[in-house]
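Single-structure report; data block below.
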Amino acid sequence: MPPTLHPDGLPTPQRYWAIVTIALGIVMAVMDSAIANVALPTIGIDLHADPALSIWIVNGYQLAITISLLPLAALGDIVGYRRVYVAGLVLFTLASLLCALAHSLPMLAVARVIQGFGGAGIMSVNSALIRFIYPHRMLGRGLSINTLIVAVSAAAGPTVAAAILSLGTWPWLFAVNIPFGIVAVIVALRALPHTPRAAHAFDIPGAILVALMFGLLIASIDAFGHGGSLVLFAVELAATIVIGYVMVRREHSAASPMLPVDLMRIPIFALSIGTSICSFAGQMLALVSLPFLLQSNLHFSAVQTGLMITPWPIAISLVSPIAGRLADRYPAGILGALGLIVFAGGLLALALLPPGAGIADIVWRMALAGAGFGLFQSPNNRAMIGAAPLTRSGGASGMLGTARLLGQTIGAALVALAFARMPLHGTQAALYIGVGFALAAAAVSSLRLFDRTGGAGKSAG
């Protein structure tokens, strides 16, 4: 039997086993995205697919996650976060099997969409579950584990993909998830806590509207960044605004709205969301443009480029646990602003790299940017999750993931736009824009210090 809900987190050793299944789920969901990016050319050639259509192997997964994060988080409020998480693990594992067995691009693309819905089940409620796994006094420490796992998984993805492809064919990239998924499901059924359930029914029309709104928003941003039709961009953006207006009006008086307008009325939560979007846009601007800077401008090899970017996630993994502990004691407004200023300094240092920069010149700049990002992220996540009422942990968890994906989409689109408008200086321009986003995030983070309702950036829990 799974453990019953503890008043303030799970006792050990249940807590450790619960974190194991959370870690396994996050590793699979995050790493699978990075693995597919690296293997896309290989898969396209093997399936005799057009490169323009092959991108749906990646886009289908990301789009499925984006449109279903908030609906699945809302479902977690109703049926329990444990059930949504386990269902996500099961669906992700079964879809991995379908991906491994796919023998055509349409079959693989459909399997990847299904896998994306499974990944959304995992990512939509993992932060909400951590709130019930860890005591409130250790919430920052618990959320820092998420930060650490996401950073390491994203960094290790390309290396893992290369290792698997050196030993076997591309279907093994997906088949490797199956044993880990089975273990994660078994541990989850035994260790994850039951959580309180809301009494209201699931809002199906609201879920459809939210999916349409975020799907159109992501599509319009991506199309604009890649030089798509301005008319189509305007139509998609206008449709997004109209649907968003309808959603806000519709959900304004709801006790547990699908689009968490109630949480956005909490100043610390809203400011933390803004900080997250700006910071992840800045990070994506850097991570997408840096390989081009290092290979095209500084003439390093692909292997050298991968190794020189590695200090970034290593710094995040070293700083995040420390930041998690600090987040349990100090305001997120201070820690977030400080970390983001350091992050901006690292990005500026990378943008100012001299033409003959050596490996050491690059490595310390990468580490500085990663350390700043690691210092910001755990306190920001703690403030976001901790500011929401316990009964709205699912909505807060869903918005955390949605803010990250939205920021990453904006960053990637701006890189494409910079490359298109400034072919000779696009990489430096993208990094300078990233500095601007990091500083904007620091300014938004510091505003939490002036909030009179949340203890100057400390979450109420």
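Every chain in the structure tokens takes a letter, A first, then B, and so on in the order presented; its residues are numbered from 1, and the ligands are numbered from 1 following the presented order.
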For Ser96 of chain A, list every protein, DNA or RNA residue within 10 Å, evaluated using only C-alpha atoms, and leave out those in the same chain fewer than 6 positions away; present the list as a ChimeraX atom specification.
-> /A:32,90,102,108,111-112,114-115,118,171-178,181
Write to file, as a short mmCIF file (atom, residue, chain, number, x, y, z; two decimals), in the first residue's frame, the residues of the selection just made, with C-alpha atoms.
data_model
loop_
_atom_site.label_atom_id
_atom_site.label_comp_id
_atom_site.auth_asym_id
_atom_site.auth_seq_id
_atom_site.Cartn_x
_atom_site.Cartn_y
_atom_site.Cartn_z
CA ASP A 32 14.31 12.34 -24.47
CA VAL A 90 2.82 4.52 -18.03
CA ALA A 102 7.93 2.74 -35.68
CA LEU A 108 6.95 7.82 -35.27
CA ALA A 111 4.09 8.00 -31.14
CA ARG A 112 6.11 11.08 -30.21
CA ILE A 114 1.62 10.37 -27.38
CA GLN A 115 4.99 10.38 -25.63
CA GLY A 118 2.99 11.23 -21.14
CA PRO A 171 15.14 2.74 -32.15
CA TRP A 172 17.32 1.99 -29.11
CA LEU A 173 17.18 5.70 -28.23
CA PHE A 174 13.53 5.12 -27.29
CA ALA A 175 13.71 1.49 -26.21
CA VAL A 176 16.15 2.41 -23.43
CA ASN A 177 13.29 4.23 -21.67
CA ILE A 178 11.25 1.06 -21.21
CA GLY A 181 9.87 3.51 -17.02
#
Write out as a PyMOL selection string which residues come within 7 Å of segment 382-399 of chain A when counting only C-alpha atoms, dropping same-chain ones fewer than 2 positions away.
-> chain A and resi 69-70+73-74+76-77+124-125+127-128+139-140+143+260+263+268-269+272+332+378-380+401-403+457-461
Atom CA of Thr147 of chain A to atom CA of Leu375 of chain A measures 10.3 Å
What are the closest atom pairs, with distances in Å to one decimal, for each residue of segment 356-455 of chain A lying within 10 Å of segment 221-235 of chain A, using only C-alpha atoms, rows by chain and rising residue number, as CSV?
residue,atom,partner,partner_atom,distance
A:Leu406,CA,A:Ile221,CA,9.4
A:Thr409,CA,A:Asp222,CA,6.9
A:Ile410,CA,A:Ile221,CA,6.5
A:Gly411,CA,A:Gly225,CA,9.3
A:Ala412,CA,A:Gly225,CA,7.7
A:Ala413,CA,A:Gly225,CA,4.1
A:Leu414,CA,A:Gly225,CA,5.7
A:Val415,CA,A:Gly225,CA,7.4
A:Ala416,CA,A:Gly225,CA,5.3
A:Leu417,CA,A:Gly225,CA,4.7
A:Ala418,CA,A:Gly225,CA,8.4
A:Phe419,CA,A:His226,CA,9.4
A:Ala420,CA,A:Gly227,CA,7.7
A:Arg421,CA,A:Gly227,CA,9.6
What does the file look like for those residues with C-alpha atoms, as a JSON list (two decimals), in the first residue's frame?
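Saved file selection.json follows:
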[["chain", "number", "residue", "atom", "x", "y", "z"],
["A", 406, "LEU", "CA", 7.17, 29.70, -23.13],
["A", 409, "THR", "CA", 10.18, 29.18, -27.24],
["A", 410, "ILE", "CA", 10.61, 32.96, -27.18],
["A", 411, "GLY", "CA", 14.39, 32.59, -26.86],
["A", 412, "ALA", "CA", 14.69, 30.11, -29.73],
["A", 413, "ALA", "CA", 12.49, 32.28, -31.97],
["A", 414, "LEU", "CA", 14.59, 35.38, -31.23],
["A", 415, "VAL", "CA", 17.78, 33.50, -32.11],
["A", 416, "ALA", "CA", 16.29, 32.55, -35.48],
["A", 417, "LEU", "CA", 15.21, 36.16, -35.98],
["A", 418, "ALA", "CA", 18.68, 37.50, -35.10],
["A", 419, "PHE", "CA", 20.33, 35.07, -37.51],
["A", 420, "ALA", "CA", 17.93, 36.03, -40.30],
["A", 421, "ARG", "CA", 18.24, 39.80, -39.81]]
The residue from A:Ala371, A:Ala323, A:Val342, A:Leu290 with the smallest atom-to-atom distance to Gly426 of chain A, counting only C-alpha atoms, is A:Leu290
So which bits of segment 210-373 of chain A end up alpha helix (DSSP H) when you DSSP the backbone, as a short mmCIF file (atom, residue, chain, number, x, y, z; two decimals) with N, CA and C atoms, in the first residue's frame?
data_model
loop_
_atom_site.label_atom_id
_atom_site.label_comp_id
_atom_site.auth_asym_id
_atom_site.auth_seq_id
_atom_site.Cartn_x
_atom_site.Cartn_y
_atom_site.Cartn_z
N VAL A 210 -7.54 26.33 -23.31
CA VAL A 210 -6.15 26.51 -22.89
C VAL A 210 -5.20 25.88 -23.90
N ALA A 211 -5.55 24.66 -24.36
CA ALA A 211 -4.71 23.99 -25.36
C ALA A 211 -4.62 24.81 -26.64
N LEU A 212 -5.75 25.34 -27.10
CA LEU A 212 -5.75 26.17 -28.31
C LEU A 212 -4.94 27.44 -28.12
N MET A 213 -5.11 28.07 -26.96
CA MET A 213 -4.42 29.33 -26.70
C MET A 213 -2.91 29.15 -26.72
N PHE A 214 -2.39 28.18 -25.95
CA PHE A 214 -0.95 27.99 -25.89
C PHE A 214 -0.40 27.38 -27.18
N GLY A 215 -1.19 26.52 -27.83
CA GLY A 215 -0.75 25.97 -29.11
C GLY A 215 -0.58 27.06 -30.16
N LEU A 216 -1.56 27.97 -30.26
CA LEU A 216 -1.47 29.08 -31.21
C LEU A 216 -0.36 30.05 -30.84
N LEU A 217 -0.19 30.30 -29.54
CA LEU A 217 0.86 31.23 -29.10
C LEU A 217 2.24 30.71 -29.47
N ILE A 218 2.50 29.43 -29.17
CA ILE A 218 3.80 28.84 -29.49
C ILE A 218 4.00 28.82 -31.00
N ALA A 219 2.96 28.45 -31.76
CA ALA A 219 3.08 28.39 -33.22
C ALA A 219 3.36 29.76 -33.81
N SER A 220 2.70 30.80 -33.28
CA SER A 220 2.90 32.15 -33.83
C SER A 220 4.31 32.67 -33.52
N ILE A 221 4.79 32.43 -32.30
CA ILE A 221 6.15 32.86 -31.94
C ILE A 221 7.18 32.15 -32.80
N ASP A 222 7.01 30.83 -32.96
CA ASP A 222 7.97 30.05 -33.73
C ASP A 222 7.96 30.48 -35.20
N ALA A 223 6.77 30.69 -35.76
CA ALA A 223 6.68 31.09 -37.16
C ALA A 223 7.30 32.47 -37.38
N PHE A 224 7.08 33.39 -36.45
CA PHE A 224 7.66 34.74 -36.57
C PHE A 224 9.18 34.68 -36.54
N GLY A 225 9.71 33.87 -35.62
CA GLY A 225 11.17 33.76 -35.51
C GLY A 225 11.82 33.15 -36.73
N LEU A 230 3.88 37.09 -42.23
CA LEU A 230 3.46 38.05 -41.22
C LEU A 230 1.94 38.05 -41.05
N VAL A 231 1.24 37.78 -42.15
CA VAL A 231 -0.22 37.73 -42.07
C VAL A 231 -0.65 36.56 -41.19
N LEU A 232 -0.04 35.38 -41.42
CA LEU A 232 -0.37 34.21 -40.61
C LEU A 232 -0.01 34.45 -39.15
N PHE A 233 1.16 35.09 -38.92
CA PHE A 233 1.57 35.41 -37.55
C PHE A 233 0.54 36.32 -36.89
N ALA A 234 0.08 37.33 -37.60
CA ALA A 234 -0.90 38.28 -37.04
C ALA A 234 -2.21 37.58 -36.74
N VAL A 235 -2.64 36.67 -37.63
CA VAL A 235 -3.89 35.95 -37.41
C VAL A 235 -3.78 35.05 -36.20
N GLU A 236 -2.67 34.30 -36.10
CA GLU A 236 -2.48 33.39 -34.96
C GLU A 236 -2.38 34.16 -33.65
N LEU A 237 -1.67 35.28 -33.66
CA LEU A 237 -1.53 36.08 -32.44
C LEU A 237 -2.87 36.69 -32.04
N ALA A 238 -3.63 37.17 -33.02
CA ALA A 238 -4.95 37.73 -32.72
C ALA A 238 -5.88 36.67 -32.14
N ALA A 239 -5.84 35.46 -32.71
CA ALA A 239 -6.65 34.37 -32.19
C ALA A 239 -6.25 34.02 -30.76
N THR A 240 -4.94 34.05 -30.50
CA THR A 240 -4.44 33.78 -29.14
C THR A 240 -4.98 34.81 -28.15
N ILE A 241 -4.94 36.09 -28.53
CA ILE A 241 -5.42 37.15 -27.65
C ILE A 241 -6.91 37.01 -27.39
N VAL A 242 -7.68 36.70 -28.44
CA VAL A 242 -9.13 36.55 -28.28
C VAL A 242 -9.44 35.38 -27.35
N ILE A 243 -8.79 34.24 -27.57
CA ILE A 243 -9.03 33.08 -26.71
C ILE A 243 -8.60 33.38 -25.28
N GLY A 244 -7.45 34.07 -25.12
CA GLY A 244 -7.00 34.43 -23.79
C GLY A 244 -7.98 35.34 -23.07
N TYR A 245 -8.55 36.31 -23.79
CA TYR A 245 -9.54 37.21 -23.21
C TYR A 245 -10.78 36.44 -22.77
N VAL A 246 -11.23 35.53 -23.63
CA VAL A 246 -12.39 34.70 -23.28
C VAL A 246 -12.10 33.85 -22.06
N MET A 247 -10.88 33.29 -22.01
CA MET A 247 -10.51 32.44 -20.86
C MET A 247 -10.49 33.24 -19.56
N VAL A 248 -9.89 34.42 -19.59
CA VAL A 248 -9.81 35.23 -18.37
C VAL A 248 -11.20 35.62 -17.89
N ARG A 249 -12.06 36.05 -18.81
CA ARG A 249 -13.44 36.41 -18.44
C ARG A 249 -14.19 35.19 -17.91
N ARG A 250 -13.99 34.07 -18.55
CA ARG A 250 -14.71 32.85 -18.19
C ARG A 250 -14.27 32.31 -16.83
N GLU A 251 -12.97 32.44 -16.53
CA GLU A 251 -12.41 31.80 -15.33
C GLU A 251 -12.23 32.79 -14.18
N VAL A 261 -5.78 32.16 -13.18
CA VAL A 261 -5.87 33.60 -12.97
C VAL A 261 -5.91 33.93 -11.48
N ASP A 262 -6.41 32.97 -10.67
CA ASP A 262 -6.43 33.21 -9.22
C ASP A 262 -5.02 33.28 -8.66
N LEU A 263 -4.14 32.42 -9.17
CA LEU A 263 -2.75 32.45 -8.70
C LEU A 263 -2.01 33.68 -9.21
N MET A 264 -2.37 34.14 -10.40
CA MET A 264 -1.71 35.32 -10.95
C MET A 264 -2.07 36.59 -10.19
N PRO A 267 0.86 38.44 -5.87
CA PRO A 267 1.99 39.18 -6.45
C PRO A 267 3.26 38.36 -6.59
N ILE A 268 3.64 37.60 -5.55
CA ILE A 268 4.88 36.84 -5.62
C ILE A 268 4.80 35.79 -6.73
N PHE A 269 3.65 35.15 -6.87
CA PHE A 269 3.49 34.13 -7.90
C PHE A 269 3.62 34.76 -9.28
N ALA A 270 2.90 35.85 -9.52
CA ALA A 270 2.94 36.51 -10.83
C ALA A 270 4.34 37.00 -11.16
N LEU A 271 5.04 37.60 -10.19
CA LEU A 271 6.39 38.09 -10.42
C LEU A 271 7.35 36.94 -10.67
N SER A 272 7.15 35.82 -9.98
CA SER A 272 8.01 34.65 -10.19
C SER A 272 7.81 34.06 -11.58
N ILE A 273 6.56 34.07 -12.07
CA ILE A 273 6.29 33.61 -13.43
C ILE A 273 7.00 34.51 -14.44
N GLY A 274 6.87 35.83 -14.25
CA GLY A 274 7.55 36.76 -15.15
C GLY A 274 9.06 36.57 -15.14
N THR A 275 9.62 36.38 -13.94
CA THR A 275 11.06 36.13 -13.81
C THR A 275 11.47 34.88 -14.56
N SER A 276 10.67 33.82 -14.42
CA SER A 276 10.97 32.54 -15.06
C SER A 276 10.95 32.66 -16.58
N ILE A 277 9.92 33.31 -17.14
CA ILE A 277 9.82 33.45 -18.60
C ILE A 277 11.02 34.21 -19.15
N CYS A 278 11.36 35.34 -18.52
CA CYS A 278 12.49 36.15 -19.00
C CYS A 278 13.81 35.40 -18.88
N SER A 279 14.01 34.69 -17.78
CA SER A 279 15.29 34.00 -17.56
C SER A 279 15.48 32.85 -18.53
N PHE A 280 14.41 32.07 -18.77
CA PHE A 280 14.54 30.94 -19.69
C PHE A 280 14.67 31.41 -21.14
N ALA A 281 14.08 32.56 -21.46
CA ALA A 281 14.31 33.15 -22.78
C ALA A 281 15.79 33.51 -22.93
N GLY A 282 16.36 34.11 -21.90
CA GLY A 282 17.78 34.45 -21.94
C GLY A 282 18.66 33.24 -22.05
N GLN A 283 18.33 32.19 -21.30
CA GLN A 283 19.13 30.96 -21.36
C GLN A 283 19.06 30.33 -22.75
N MET A 284 17.86 30.25 -23.33
CA MET A 284 17.72 29.63 -24.64
C MET A 284 18.42 30.46 -25.72
N LEU A 285 18.36 31.78 -25.62
CA LEU A 285 19.10 32.63 -26.55
C LEU A 285 20.58 32.27 -26.56
N ALA A 286 21.12 31.99 -25.38
CA ALA A 286 22.54 31.65 -25.29
C ALA A 286 22.81 30.23 -25.78
N LEU A 287 22.04 29.26 -25.31
CA LEU A 287 22.36 27.86 -25.60
C LEU A 287 22.16 27.51 -27.07
N VAL A 288 21.25 28.22 -27.76
CA VAL A 288 21.06 27.96 -29.19
C VAL A 288 22.14 28.66 -30.02
N SER A 289 22.54 29.85 -29.61
CA SER A 289 23.50 30.62 -30.41
C SER A 289 24.95 30.25 -30.13
N LEU A 290 25.26 29.78 -28.93
CA LEU A 290 26.66 29.51 -28.58
C LEU A 290 27.34 28.47 -29.48
N PRO A 291 26.69 27.37 -29.83
CA PRO A 291 27.37 26.43 -30.75
C PRO A 291 27.80 27.07 -32.07
N PHE A 292 26.97 28.00 -32.58
CA PHE A 292 27.33 28.69 -33.82
C PHE A 292 28.51 29.63 -33.59
N ALA A 302 32.89 20.25 -33.29
CA ALA A 302 31.64 19.96 -32.60
C ALA A 302 31.89 19.33 -31.24
N VAL A 303 32.87 18.42 -31.17
CA VAL A 303 33.20 17.77 -29.90
C VAL A 303 33.73 18.79 -28.90
N GLN A 304 34.64 19.65 -29.35
CA GLN A 304 35.17 20.69 -28.46
C GLN A 304 34.07 21.63 -27.98
N THR A 305 33.14 21.95 -28.87
CA THR A 305 32.03 22.83 -28.51
C THR A 305 31.19 22.21 -27.41
N GLY A 306 30.87 20.92 -27.57
CA GLY A 306 30.09 20.22 -26.54
C GLY A 306 30.78 20.23 -25.20
N LEU A 307 32.08 20.00 -25.21
CA LEU A 307 32.83 19.97 -23.96
C LEU A 307 32.91 21.35 -23.32
N MET A 308 33.02 22.39 -24.13
CA MET A 308 33.15 23.74 -23.58
C MET A 308 31.83 24.29 -23.05
N ILE A 309 30.71 23.78 -23.54
CA ILE A 309 29.41 24.19 -23.01
C ILE A 309 29.09 23.45 -21.71
N PRO A 311 30.59 23.08 -18.81
CA PRO A 311 30.70 23.77 -17.52
C PRO A 311 29.43 24.50 -17.10
N TRP A 312 28.60 24.89 -18.07
CA TRP A 312 27.34 25.57 -17.75
C TRP A 312 26.45 24.68 -16.90
N PRO A 313 26.03 23.49 -17.39
CA PRO A 313 25.18 22.64 -16.55
C PRO A 313 25.89 22.10 -15.31
N ILE A 314 27.21 21.93 -15.39
CA ILE A 314 27.95 21.48 -14.19
C ILE A 314 27.84 22.54 -13.10
N ALA A 315 27.99 23.81 -13.48
CA ALA A 315 27.87 24.89 -12.49
C ALA A 315 26.47 24.94 -11.90
N ILE A 316 25.45 24.74 -12.74
CA ILE A 316 24.07 24.69 -12.24
C ILE A 316 23.91 23.57 -11.22
N SER A 317 24.46 22.40 -11.55
CA SER A 317 24.30 21.24 -10.66
C SER A 317 25.03 21.42 -9.34
N LEU A 318 26.12 22.22 -9.35
CA LEU A 318 26.86 22.46 -8.11
C LEU A 318 26.20 23.55 -7.25
N VAL A 319 25.66 24.56 -7.91
CA VAL A 319 25.09 25.70 -7.18
C VAL A 319 23.66 25.45 -6.73
N SER A 320 22.89 24.68 -7.51
CA SER A 320 21.46 24.49 -7.22
C SER A 320 21.19 23.95 -5.81
N PRO A 321 21.89 22.89 -5.35
CA PRO A 321 21.62 22.42 -3.98
C PRO A 321 21.90 23.49 -2.93
N ILE A 322 22.96 24.28 -3.13
CA ILE A 322 23.26 25.37 -2.19
C ILE A 322 22.16 26.41 -2.23
N ALA A 323 21.71 26.75 -3.45
CA ALA A 323 20.65 27.73 -3.60
C ALA A 323 19.35 27.24 -2.98
N GLY A 324 19.09 25.92 -3.08
CA GLY A 324 17.90 25.36 -2.47
C GLY A 324 17.89 25.54 -0.96
N ARG A 325 19.02 25.33 -0.34
CA ARG A 325 19.11 25.52 1.11
C ARG A 325 18.97 27.00 1.47
N LEU A 326 19.60 27.87 0.68
CA LEU A 326 19.48 29.31 0.94
C LEU A 326 18.04 29.78 0.77
N ALA A 327 17.32 29.16 -0.19
CA ALA A 327 15.94 29.56 -0.46
C ALA A 327 15.02 29.31 0.71
N ALA A 332 13.40 35.07 -1.97
CA ALA A 332 13.67 34.75 -3.37
C ALA A 332 14.01 36.00 -4.18
N GLY A 333 13.46 37.16 -3.77
CA GLY A 333 13.73 38.39 -4.50
C GLY A 333 15.21 38.73 -4.51
N ILE A 334 15.88 38.53 -3.36
CA ILE A 334 17.32 38.82 -3.27
C ILE A 334 18.13 37.78 -4.02
N LEU A 335 17.87 36.50 -3.72
CA LEU A 335 18.65 35.42 -4.34
C LEU A 335 18.46 35.41 -5.85
N GLY A 336 17.20 35.60 -6.28
CA GLY A 336 16.93 35.58 -7.71
C GLY A 336 17.61 36.72 -8.44
N ALA A 337 17.50 37.92 -7.90
CA ALA A 337 18.12 39.08 -8.54
C ALA A 337 19.63 38.94 -8.60
N LEU A 338 20.24 38.47 -7.50
CA LEU A 338 21.68 38.29 -7.48
C LEU A 338 22.12 37.26 -8.51
N GLY A 339 21.42 36.12 -8.53
CA GLY A 339 21.78 35.07 -9.48
C GLY A 339 21.63 35.54 -10.92
N LEU A 340 20.57 36.28 -11.22
CA LEU A 340 20.33 36.73 -12.58
C LEU A 340 21.31 37.80 -13.03
N ILE A 341 21.79 38.62 -12.09
CA ILE A 341 22.83 39.60 -12.42
C ILE A 341 24.14 38.89 -12.77
N VAL A 342 24.46 37.84 -12.00
CA VAL A 342 25.64 37.02 -12.31
C VAL A 342 25.47 36.34 -13.66
N PHE A 343 24.26 35.82 -13.91
CA PHE A 343 23.94 35.18 -15.19
C PHE A 343 24.12 36.16 -16.35
N ALA A 344 23.61 37.38 -16.18
CA ALA A 344 23.77 38.41 -17.22
C ALA A 344 25.25 38.73 -17.44
N GLY A 345 26.02 38.77 -16.35
CA GLY A 345 27.46 39.02 -16.48
C GLY A 345 28.15 37.93 -17.28
N GLY A 346 27.74 36.66 -17.05
CA GLY A 346 28.31 35.55 -17.81
C GLY A 346 27.98 35.65 -19.28
N LEU A 347 26.73 36.00 -19.60
CA LEU A 347 26.32 36.14 -21.00
C LEU A 347 27.07 37.29 -21.67
N LEU A 348 27.22 38.40 -20.94
CA LEU A 348 27.95 39.54 -21.50
C LEU A 348 29.41 39.18 -21.77
N ALA A 349 30.00 38.45 -20.84
CA ALA A 349 31.39 38.01 -21.03
C ALA A 349 31.52 37.11 -22.26
N LEU A 350 30.53 36.25 -22.49
CA LEU A 350 30.55 35.39 -23.68
C LEU A 350 30.38 36.20 -24.96
N ALA A 351 29.51 37.21 -24.93
CA ALA A 351 29.30 38.06 -26.10
C ALA A 351 30.55 38.85 -26.46
N ILE A 359 40.34 27.97 -24.80
CA ILE A 359 39.37 27.15 -24.08
C ILE A 359 39.13 27.68 -22.67
N ALA A 360 40.22 28.06 -21.98
CA ALA A 360 40.08 28.57 -20.61
C ALA A 360 39.24 29.84 -20.58
N ASP A 361 39.40 30.71 -21.59
CA ASP A 361 38.62 31.95 -21.65
C ASP A 361 37.12 31.65 -21.74
N ILE A 362 36.80 30.60 -22.45
CA ILE A 362 35.39 30.25 -22.67
C ILE A 362 34.82 29.52 -21.46
N VAL A 363 35.59 28.61 -20.88
CA VAL A 363 35.08 27.76 -19.80
C VAL A 363 34.64 28.58 -18.60
N TRP A 364 35.44 29.57 -18.19
CA TRP A 364 35.05 30.32 -16.98
C TRP A 364 33.81 31.16 -17.23
N ARG A 365 33.64 31.63 -18.46
CA ARG A 365 32.44 32.39 -18.78
C ARG A 365 31.19 31.49 -18.75
N MET A 366 31.32 30.28 -19.29
CA MET A 366 30.22 29.32 -19.24
C MET A 366 29.85 29.00 -17.79
N ALA A 367 30.87 28.77 -16.97
CA ALA A 367 30.63 28.43 -15.57
C ALA A 367 29.97 29.59 -14.83
N LEU A 368 30.37 30.82 -15.15
CA LEU A 368 29.77 31.99 -14.49
C LEU A 368 28.28 32.09 -14.84
N ALA A 369 27.95 31.91 -16.12
CA ALA A 369 26.54 31.97 -16.53
C ALA A 369 25.74 30.86 -15.86
N GLY A 370 26.29 29.65 -15.84
CA GLY A 370 25.59 28.52 -15.21
C GLY A 370 25.40 28.71 -13.72
N ALA A 371 26.43 29.24 -13.04
CA ALA A 371 26.33 29.47 -11.60
C ALA A 371 25.25 30.49 -11.29
N GLY A 372 25.18 31.55 -12.07
CA GLY A 372 24.14 32.56 -11.85
C GLY A 372 22.75 31.98 -12.06
N PHE A 373 22.59 31.18 -13.12
CA PHE A 373 21.29 30.58 -13.39
C PHE A 373 20.91 29.60 -12.28
#
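Note that atom CA of Gln377 of chain A and atom CA of Ala443 of chain A are 14.9 Å apart.
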